[in-house]
$ cat upload_31.tsv   # TSV, C-alpha atoms
chain	number	residue	atom	x	y	z
A	1	MET	CA	0.00	0.00	0.00
A	2	ASN	CA	1.46	3.34	-1.01
A	3	ASP	CA	1.10	6.76	0.58
A	4	SER	CA	-1.53	7.81	-1.97
A	5	VAL	CA	-3.83	5.08	-0.64
A	6	PHE	CA	-3.02	5.36	3.04
A	7	ASP	CA	-2.84	8.66	4.89
A	8	ARG	CA	-1.85	8.26	8.54
A	9	ARG	CA	-3.22	11.68	9.46
A	10	ARG	CA	-6.65	10.79	8.15
A	11	PHE	CA	-6.52	7.44	9.90
A	12	LEU	CA	-5.58	8.96	13.25
A	13	ALA	CA	-8.24	11.63	12.89
A	14	ALA	CA	-10.75	8.90	12.16
A	15	SER	CA	-9.54	6.97	15.21
A	16	SER	CA	-9.89	9.70	17.81
A	17	ALA	CA	-13.25	8.53	19.23
A	18	ILE	CA	-12.80	4.75	19.34
A	19	ALA	CA	-12.65	4.57	23.12
A	20	ALA	CA	-16.10	6.11	23.52
A	21	GLY	CA	-17.97	2.80	23.36
A	22	VAL	CA	-16.44	0.60	26.05
A	23	LEU	CA	-17.79	-2.94	26.03
A	24	VAL	CA	-19.48	-3.90	29.29
A	25	GLY	CA	-17.44	-6.56	31.01
A	26	ALA	CA	-14.32	-5.94	28.96
A	27	PRO	CA	-11.07	-6.32	30.91
A	28	ALA	CA	-9.15	-3.20	31.82
A	29	ILE	CA	-6.30	-2.09	29.65
A	30	GLY	CA	-2.96	-3.43	30.73
A	31	ARG	CA	0.16	-1.33	30.23
A	32	ALA	CA	2.65	-3.75	31.68
A	33	ALA	CA	3.86	-6.95	30.03
A	34	ASN	CA	0.75	-7.30	27.86
A	35	PRO	CA	-0.67	-3.92	26.85
A	36	HIS	CA	-3.35	-5.46	24.63
A	37	VAL	CA	-6.08	-7.68	26.01
A	38	LEU	CA	-8.83	-9.86	24.56
A	39	PRO	CA	-12.13	-7.99	25.08
A	40	ALA	CA	-15.05	-10.00	26.39
A	41	LEU	CA	-17.75	-11.04	23.96
A	42	PRO	CA	-21.09	-9.20	24.26
A	43	TYR	CA	-22.87	-12.59	24.43
A	44	GLY	CA	-22.09	-16.15	25.46
A	45	ASP	CA	-20.45	-18.71	23.18
A	46	SER	CA	-23.87	-20.09	22.25
A	47	GLY	CA	-25.51	-16.65	21.92
A	48	LEU	CA	-25.44	-16.62	18.11
A	49	GLU	CA	-26.77	-20.14	17.59
A	50	PRO	CA	-28.03	-21.60	15.35
A	51	VAL	CA	-26.46	-19.22	12.79
A	52	ILE	CA	-22.98	-19.46	14.35
A	53	SER	CA	-22.35	-22.40	16.68
A	54	ALA	CA	-20.70	-22.32	20.08
A	55	LYS	CA	-18.00	-24.56	18.58
A	56	THR	CA	-17.18	-21.95	15.93
A	57	ILE	CA	-17.16	-19.16	18.55
A	58	GLY	CA	-14.85	-21.27	20.71
A	59	PHE	CA	-12.31	-21.64	17.92
A	60	HIS	CA	-12.77	-18.27	16.23
A	61	TYR	CA	-12.79	-16.11	19.37
A	62	GLY	CA	-10.95	-18.39	21.79
A	63	LYS	CA	-8.17	-19.45	19.42
A	64	HIS	CA	-7.88	-17.13	16.42
A	65	HIS	CA	-8.79	-13.77	18.01
A	66	LYS	CA	-6.85	-14.59	21.17
A	67	GLY	CA	-3.92	-15.67	19.03
A	68	TYR	CA	-3.78	-12.27	17.34
A	69	VAL	CA	-3.77	-10.55	20.72
A	70	ASP	CA	-0.99	-12.80	22.04
A	71	ASN	CA	1.09	-12.39	18.88
A	72	LEU	CA	0.68	-8.61	18.92
A	73	ASN	CA	1.90	-8.36	22.51
A	74	LYS	CA	5.00	-10.39	21.62
A	75	LEU	CA	5.70	-8.34	18.49
A	76	VAL	CA	5.46	-4.90	20.14
A	77	ALA	CA	7.28	-5.83	23.34
A	78	GLY	CA	10.33	-3.60	23.80
A	79	THR	CA	9.47	-1.41	20.80
A	80	GLU	CA	8.24	2.17	20.49
A	81	LEU	CA	4.77	0.74	19.86
A	82	ALA	CA	4.57	-1.13	23.15
A	83	ASP	CA	2.52	1.54	24.94
A	84	GLN	CA	0.49	2.78	21.98
A	85	PRO	CA	-3.28	2.27	21.74
A	86	LEU	CA	-4.37	-0.33	19.23
A	87	ALA	CA	-5.63	2.08	16.54
A	88	LYS	CA	-2.33	3.97	16.64
A	89	VAL	CA	-0.43	0.71	16.23
A	90	VAL	CA	-2.53	-0.05	13.16
A	91	ALA	CA	-2.00	3.46	11.79
A	92	ALA	CA	1.76	3.42	12.40
A	93	THR	CA	2.29	0.07	10.69
A	94	ALA	CA	-0.16	0.12	7.77
A	95	GLY	CA	1.72	0.12	4.47
A	96	ASN	CA	5.07	-0.36	6.23
A	97	ALA	CA	6.86	-3.35	4.71
A	98	ASP	CA	9.08	-3.68	7.78
A	99	LYS	CA	6.10	-3.97	10.14
A	100	VAL	CA	3.74	-6.22	8.21
A	101	ALA	CA	3.47	-8.78	11.01
A	102	ILE	CA	2.58	-6.11	13.58
A	103	PHE	CA	-0.01	-4.57	11.26
A	104	ASN	CA	-1.60	-7.91	10.46
A	105	ASN	CA	-2.03	-8.86	14.10
A	106	ALA	CA	-3.08	-5.40	15.31
A	107	ALA	CA	-5.61	-4.95	12.53
A	108	GLN	CA	-7.01	-8.41	13.08
A	109	VAL	CA	-7.51	-7.67	16.78
A	110	TRP	CA	-9.40	-4.49	15.85
A	111	ASN	CA	-11.39	-6.12	13.04
A	112	HIS	CA	-12.47	-9.10	15.12
A	113	THR	CA	-13.59	-7.03	18.09
A	114	PHE	CA	-15.58	-4.80	15.74
A	115	TYR	CA	-17.08	-7.89	14.10
A	116	TRP	CA	-18.29	-9.45	17.36
A	117	ASN	CA	-19.98	-6.23	18.40
A	118	GLY	CA	-21.70	-5.93	15.03
A	119	MET	CA	-23.84	-8.99	15.79
A	120	LYS	CA	-26.46	-9.83	18.38
A	121	PRO	CA	-28.95	-12.61	19.07
A	122	GLY	CA	-32.16	-11.93	17.19
A	123	GLY	CA	-30.61	-9.28	14.97
A	124	GLY	CA	-30.55	-8.90	11.22
A	125	GLY	CA	-33.18	-8.08	8.67
A	126	LYS	CA	-34.11	-4.70	7.26
A	127	PRO	CA	-33.05	-1.86	9.58
A	128	ALA	CA	-35.19	1.05	10.69
A	129	GLY	CA	-33.93	4.43	11.91
A	130	GLU	CA	-31.33	6.62	10.25
A	131	ILE	CA	-29.24	3.70	9.03
A	132	GLY	CA	-32.29	2.29	7.24
A	133	LYS	CA	-33.03	5.64	5.61
A	134	ARG	CA	-29.43	6.04	4.48
A	135	ILE	CA	-29.34	2.53	3.01
A	136	ASP	CA	-32.50	3.25	1.02
A	137	GLN	CA	-31.05	6.59	-0.08
A	138	ASP	CA	-27.60	5.39	-1.09
A	139	PHE	CA	-28.39	1.92	-2.45
A	140	GLY	CA	-31.93	2.47	-3.69
A	141	SER	CA	-33.38	-0.20	-1.39
A	142	PHE	CA	-32.37	-2.62	1.33
A	143	GLU	CA	-32.62	-5.43	-1.22
A	144	ASN	CA	-30.05	-3.66	-3.42
A	145	PHE	CA	-27.74	-3.20	-0.44
A	146	ARG	CA	-28.11	-6.84	0.58
A	147	LYS	CA	-27.29	-8.01	-2.95
A	148	GLU	CA	-24.24	-5.76	-3.16
A	149	PHE	CA	-22.98	-6.77	0.30
A	150	VAL	CA	-23.37	-10.49	-0.37
A	151	GLY	CA	-21.66	-9.98	-3.73
A	152	ALA	CA	-18.70	-8.26	-2.06
A	153	ALA	CA	-18.41	-11.03	0.52
A	154	LEU	CA	-18.46	-13.72	-2.16
A	155	GLY	CA	-16.20	-11.72	-4.46
A	156	GLN	CA	-13.43	-11.43	-1.87
A	157	PHE	CA	-11.06	-14.11	-3.14
A	158	GLY	CA	-9.45	-15.98	-0.29
A	159	SER	CA	-9.45	-14.45	3.18
A	160	GLY	CA	-10.81	-11.04	4.10
A	161	TRP	CA	-13.80	-8.96	5.12
A	162	ALA	CA	-16.95	-7.38	3.70
A	163	TRP	CA	-17.83	-3.96	5.15
A	164	LEU	CA	-20.51	-1.33	5.21
A	165	ALA	CA	-18.63	1.96	5.49
A	166	THR	CA	-19.05	5.67	4.89
A	167	ASP	CA	-16.83	8.37	3.43
A	168	GLY	CA	-18.81	11.01	5.34
A	169	ARG	CA	-21.12	11.66	2.40
A	170	SER	CA	-22.49	8.29	1.36
A	171	LEU	CA	-22.58	4.68	2.43
A	172	LYS	CA	-20.40	2.20	0.57
A	173	VAL	CA	-19.94	-1.55	0.47
A	174	VAL	CA	-16.27	-2.45	0.36
A	175	LYS	CA	-14.21	-5.60	0.69
A	176	THR	CA	-10.71	-5.92	2.10
A	177	LEU	CA	-8.04	-8.60	1.86
A	178	ASN	CA	-6.64	-10.41	4.88
A	179	ALA	CA	-6.28	-7.88	7.76
A	180	GLU	CA	-6.96	-4.69	5.79
A	181	ASN	CA	-9.51	-2.22	7.17
A	182	PRO	CA	-11.46	0.58	5.41
A	183	MET	CA	-9.95	3.12	7.83
A	184	THR	CA	-6.64	2.80	6.00
A	185	GLN	CA	-8.54	4.08	2.94
A	186	GLY	CA	-9.99	7.07	4.78
A	187	LEU	CA	-13.39	5.41	5.28
A	188	LYS	CA	-15.30	4.84	8.53
A	189	PRO	CA	-16.46	1.25	9.12
A	190	LEU	CA	-20.05	0.81	10.25
A	191	LEU	CA	-20.40	-2.97	10.10
A	192	THR	CA	-18.44	-5.99	8.92
A	193	ILE	CA	-18.71	-9.71	8.25
A	194	ASP	CA	-15.63	-11.91	8.47
A	195	VAL	CA	-15.16	-14.13	5.41
A	196	TRP	CA	-12.00	-15.89	6.48
A	197	GLU	CA	-12.78	-19.61	6.32
A	198	HIS	CA	-12.33	-20.04	10.06
A	199	ALA	CA	-15.36	-17.77	10.56
A	200	TYR	CA	-17.77	-20.27	9.00
A	201	TYR	CA	-16.17	-23.53	7.90
A	202	LEU	CA	-17.15	-25.65	10.92
A	203	ASP	CA	-20.81	-24.70	10.40
A	204	TYR	CA	-21.10	-24.14	6.65
A	205	GLN	CA	-18.08	-25.86	5.06
A	206	ASN	CA	-17.64	-24.16	1.67
A	207	ARG	CA	-21.07	-22.47	1.69
A	208	ARG	CA	-19.87	-18.91	2.29
A	209	LYS	CA	-23.01	-17.46	0.70
A	210	ASP	CA	-25.27	-19.25	3.20
A	211	PHE	CA	-23.17	-17.94	6.08
A	212	VAL	CA	-23.19	-14.34	4.85
A	213	GLU	CA	-26.91	-14.33	4.11
A	214	ALA	CA	-27.78	-15.90	7.47
A	215	SER	CA	-25.60	-13.33	9.25
A	216	LEU	CA	-27.30	-10.44	7.47
A	217	ASP	CA	-30.79	-11.85	7.95
A	218	ARG	CA	-30.51	-13.02	11.57
A	219	LEU	CA	-27.51	-11.54	13.40
A	220	VAL	CA	-26.53	-8.03	12.25
A	221	ASN	CA	-26.66	-5.48	15.07
A	222	TRP	CA	-28.10	-2.49	13.23
A	223	ALA	CA	-28.11	-0.39	16.41
A	224	PHE	CA	-24.31	-0.76	16.49
A	225	ALA	CA	-24.06	0.34	12.85
A	226	GLU	CA	-26.31	3.33	13.52
A	227	ARG	CA	-24.23	4.44	16.51
A	228	ASN	CA	-21.15	4.26	14.30
A	229	LEU	CA	-22.90	6.29	11.61
A	230	LYS	CA	-23.87	9.04	14.06
A	231	THR	CA	-20.59	9.26	15.94
A	232	GLN	CA	-18.09	11.86	14.79
A	233	GLY	CA	-14.69	10.50	13.79
A	234	THR	CA	-14.34	6.75	14.18
A	235	PRO	CA	-16.87	4.20	15.16
A	236	PRO	CA	-17.48	4.51	18.89
A	237	GLY	CA	-15.35	1.48	19.39
A	238	PRO	CA	-15.79	-2.20	19.76
A	239	GLY	CA	-14.66	-2.02	23.40
A	240	GLY	CA	-11.85	-3.22	25.61
A	241	ASN	CA	-8.49	-1.81	24.63
A	242	VAL	CA	-9.55	-0.86	21.11
A	243	GLN	CA	-8.83	2.86	21.14

$ encode --input "upload_31.tsv" --output "structure tokens"
Amino acid sequence: MNDSVFDRRRFLAASSAIAAGVLVGAPAIGRAANPHVLPALPYGDSGLEPVISAKTIGFHYGKHHKGYVDNLNKLVAGTELADQPLAKVVAATAGNADKVAIFNNAAQVWNHTFYWNGMKPGGGGKPAGEIGKRIDQDFGSFENFRKEFVGAALGQFGSGWAWLATDGRSLKVVKTLNAENPMTQGLKPLLTIDVWEHAYYLDYQNRRKDFVEASLDRLVNWAFAERNLKTQGTPPGPGGNVQ
């Protein structure tokens, strides 16, 4: 990623408000040996069943997400990034060939925490409120948005993410590869679905489309997306040490 694509000043400006939405029950920030912690989930391991099983949550959150946190703490230990908030670590390492491993792990910690908070039991379907109005305005209808979002999720070759984001003027559906995040493109994420295989393979095998559609129809936390839309700067934050 070159400097024309990624502007650290825009990213940091967009990241100024992340700490505003602290997740209830999230562990306190540590600034000693392990400055980054694994935030608590906003529901139990079985809270998203039957769309996402407790077994998938156990592996995805308990192994993959935790692994990114553990790796990040090891990678920043003893460096100038050791005491930096997560968003600043992402901003400082994005597009830096010498810090790819740090960026990948830091961004994946942020992305996953944002992802968990963008779902809730009994969620999904067509949203009301301002987010519903904006979707109708910018996509023509919820059905058009749903089609475009599912298309982006399926069109992301290999691992990555599908996002609903805004550039401050209009809503956009974007897809990113691996650990990339729309904030590195000057956009503000509102909602995301993880399309890495570990997010769905235990439950859906190769049926990514079924997983994405079920997540949109039955799990999406539209109140979370609306809070992100209305908050100045970044999304109000997935919680924990994401700031």

$ residues_around --input "upload_31.tsv" --residues "A:Leu187" --least-positions-apart "4" --cutoff "6 Å" --atoms "all atoms listed in the file" --output "compact mmCIF listing (two decimals) with C-alpha atoms, keeping the file's coordinate frame"
# COMPACT_ATOMS: atom_id res chain seq x y z
CA THR A 166 -19.05 5.67 4.89
CA ASP A 167 -16.83 8.37 3.43
CA PRO A 182 -11.46 0.58 5.41
CA MET A 183 -9.95 3.12 7.83

$ residues_near_point --input "upload_31.tsv" --point "(-25.5, -15.8, 17.2)" --cutoff "12 Å" --atoms "only C-alpha atoms" --output "number ranges by chain"
A: 41-57, 115-124, 211, 214-221

$ write_last_selection --input "upload_31.tsv" --atoms "C-alpha atoms" --output "PDB file, keeping the file's coordinate frame"
ATOM      1  CA  LEU A  41     -17.750 -11.040  23.960  1.00  0.00           C
ATOM      2  CA  PRO A  42     -21.090  -9.200  24.260  1.00  0.00           C
ATOM      3  CA  TYR A  43     -22.870 -12.590  24.430  1.00  0.00           C
ATOM      4  CA  GLY A  44     -22.090 -16.150  25.460  1.00  0.00           C
ATOM      5  CA  ASP A  45     -20.450 -18.710  23.180  1.00  0.00           C
ATOM      6  CA  SER A  46     -23.870 -20.090  22.250  1.00  0.00           C
ATOM      7  CA  GLY A  47     -25.510 -16.650  21.920  1.00  0.00           C
ATOM      8  CA  LEU A  48     -25.440 -16.620  18.110  1.00  0.00           C
ATOM      9  CA  GLU A  49     -26.770 -20.140  17.590  1.00  0.00           C
ATOM     10  CA  PRO A  50     -28.030 -21.600  15.350  1.00  0.00           C
ATOM     11  CA  VAL A  51     -26.460 -19.220  12.790  1.00  0.00           C
ATOM     12  CA  ILE A  52     -22.980 -19.460  14.350  1.00  0.00           C
ATOM     13  CA  SER A  53     -22.350 -22.400  16.680  1.00  0.00           C
ATOM     14  CA  ALA A  54     -20.700 -22.320  20.080  1.00  0.00           C
ATOM     15  CA  LYS A  55     -18.000 -24.560  18.580  1.00  0.00           C
ATOM     16  CA  THR A  56     -17.180 -21.950  15.930  1.00  0.00           C
ATOM     17  CA  ILE A  57     -17.160 -19.160  18.550  1.00  0.00           C
ATOM     18  CA  TYR A 115     -17.080  -7.890  14.100  1.00  0.00           C
ATOM     19  CA  TRP A 116     -18.290  -9.450  17.360  1.00  0.00           C
ATOM     20  CA  ASN A 117     -19.980  -6.230  18.400  1.00  0.00           C
ATOM     21  CA  GLY A 118     -21.700  -5.930  15.030  1.00  0.00           C
ATOM     22  CA  MET A 119     -23.840  -8.990  15.790  1.00  0.00           C
ATOM     23  CA  LYS A 120     -26.460  -9.830  18.380  1.00  0.00           C
ATOM     24  CA  PRO A 121     -28.950 -12.610  19.070  1.00  0.00           C
ATOM     25  CA  GLY A 122     -32.160 -11.930  17.190  1.00  0.00           C
ATOM     26  CA  GLY A 123     -30.610  -9.280  14.970  1.00  0.00           C
ATOM     27  CA  GLY A 124     -30.550  -8.900  11.220  1.00  0.00           C
ATOM     28  CA  PHE A 211     -23.170 -17.940   6.080  1.00  0.00           C
ATOM     29  CA  ALA A 214     -27.780 -15.900   7.470  1.00  0.00           C
ATOM     30  CA  SER A 215     -25.600 -13.330   9.250  1.00  0.00           C
ATOM     31  CA  LEU A 216     -27.300 -10.440   7.470  1.00  0.00           C
ATOM     32  CA  ASP A 217     -30.790 -11.850   7.950  1.00  0.00           C
ATOM     33  CA  ARG A 218     -30.510 -13.020  11.570  1.00  0.00           C
ATOM     34  CA  LEU A 219     -27.510 -11.540  13.400  1.00  0.00           C
ATOM     35  CA  VAL A 220     -26.530  -8.030  12.250  1.00  0.00           C
ATOM     36  CA  ASN A 221     -26.660  -5.480  15.070  1.00  0.00           C
TER      37      ASN A 221
END

$ closest_atom_pairs --input "upload_31.tsv" --of "stretch 96-169 of chain A" --to "stretch 73-78 of chain A" --cutoff "9 Å" --atoms "all atoms listed in the file" --output "JSON lines"
{"residue": "A:Ala101", "atom": "CA", "partner": "A:Leu75", "partner_atom": "CA", "distance": 7.8}
{"residue": "A:Ile102", "atom": "CA", "partner": "A:Leu75", "partner_atom": "CA", "distance": 6.2}
{"residue": "A:Asn105", "atom": "CA", "partner": "A:Leu75", "partner_atom": "CA", "distance": 8.9}

$ closest_residue --input "upload_31.tsv" --among "A:Asn181, A:Glu213, A:Leu38, A:Arg207" --to "A:Lys147" --atoms "all atoms listed in the file"
A:Glu213

$ atom_distance --input "upload_31.tsv" --atom1 "atom CA of A:Ile135" --atom2 "atom CA of A:Trp110"
24.7 Å

$ atom_distance --input "upload_31.tsv" --atom1 "atom CA of A:Val69" --atom2 "atom CA of A:Pro189"
20.9 Å

$ residues_near_point --input "upload_31.tsv" --point "(-28.5, 2.1, 6.2)" --cutoff "10 Å" --atoms "only C-alpha atoms" --output "PyMOL selection string"
chain A and resi 126-139+141-142+145+164-165+170-172+190+222+225-226+229

$ atom_distance --input "upload_31.tsv" --atom1 "atom CA of A:Arg208" --atom2 "atom CA of A:Val195"
7.4 Å

$ residues_around --input "upload_31.tsv" --residues "A:Val212" --least-positions-apart "6" --cutoff "9 Å" --atoms "only C-alpha atoms" --output "PyMOL selection string"
chain A and resi 149-150+153-154+193-195

$ closest_residue --input "upload_31.tsv" --among "A:Gly140, A:Gly158, A:Gly125, A:Thr79" --to "A:His198" --atoms "all atoms listed in the file"
A:Gly158
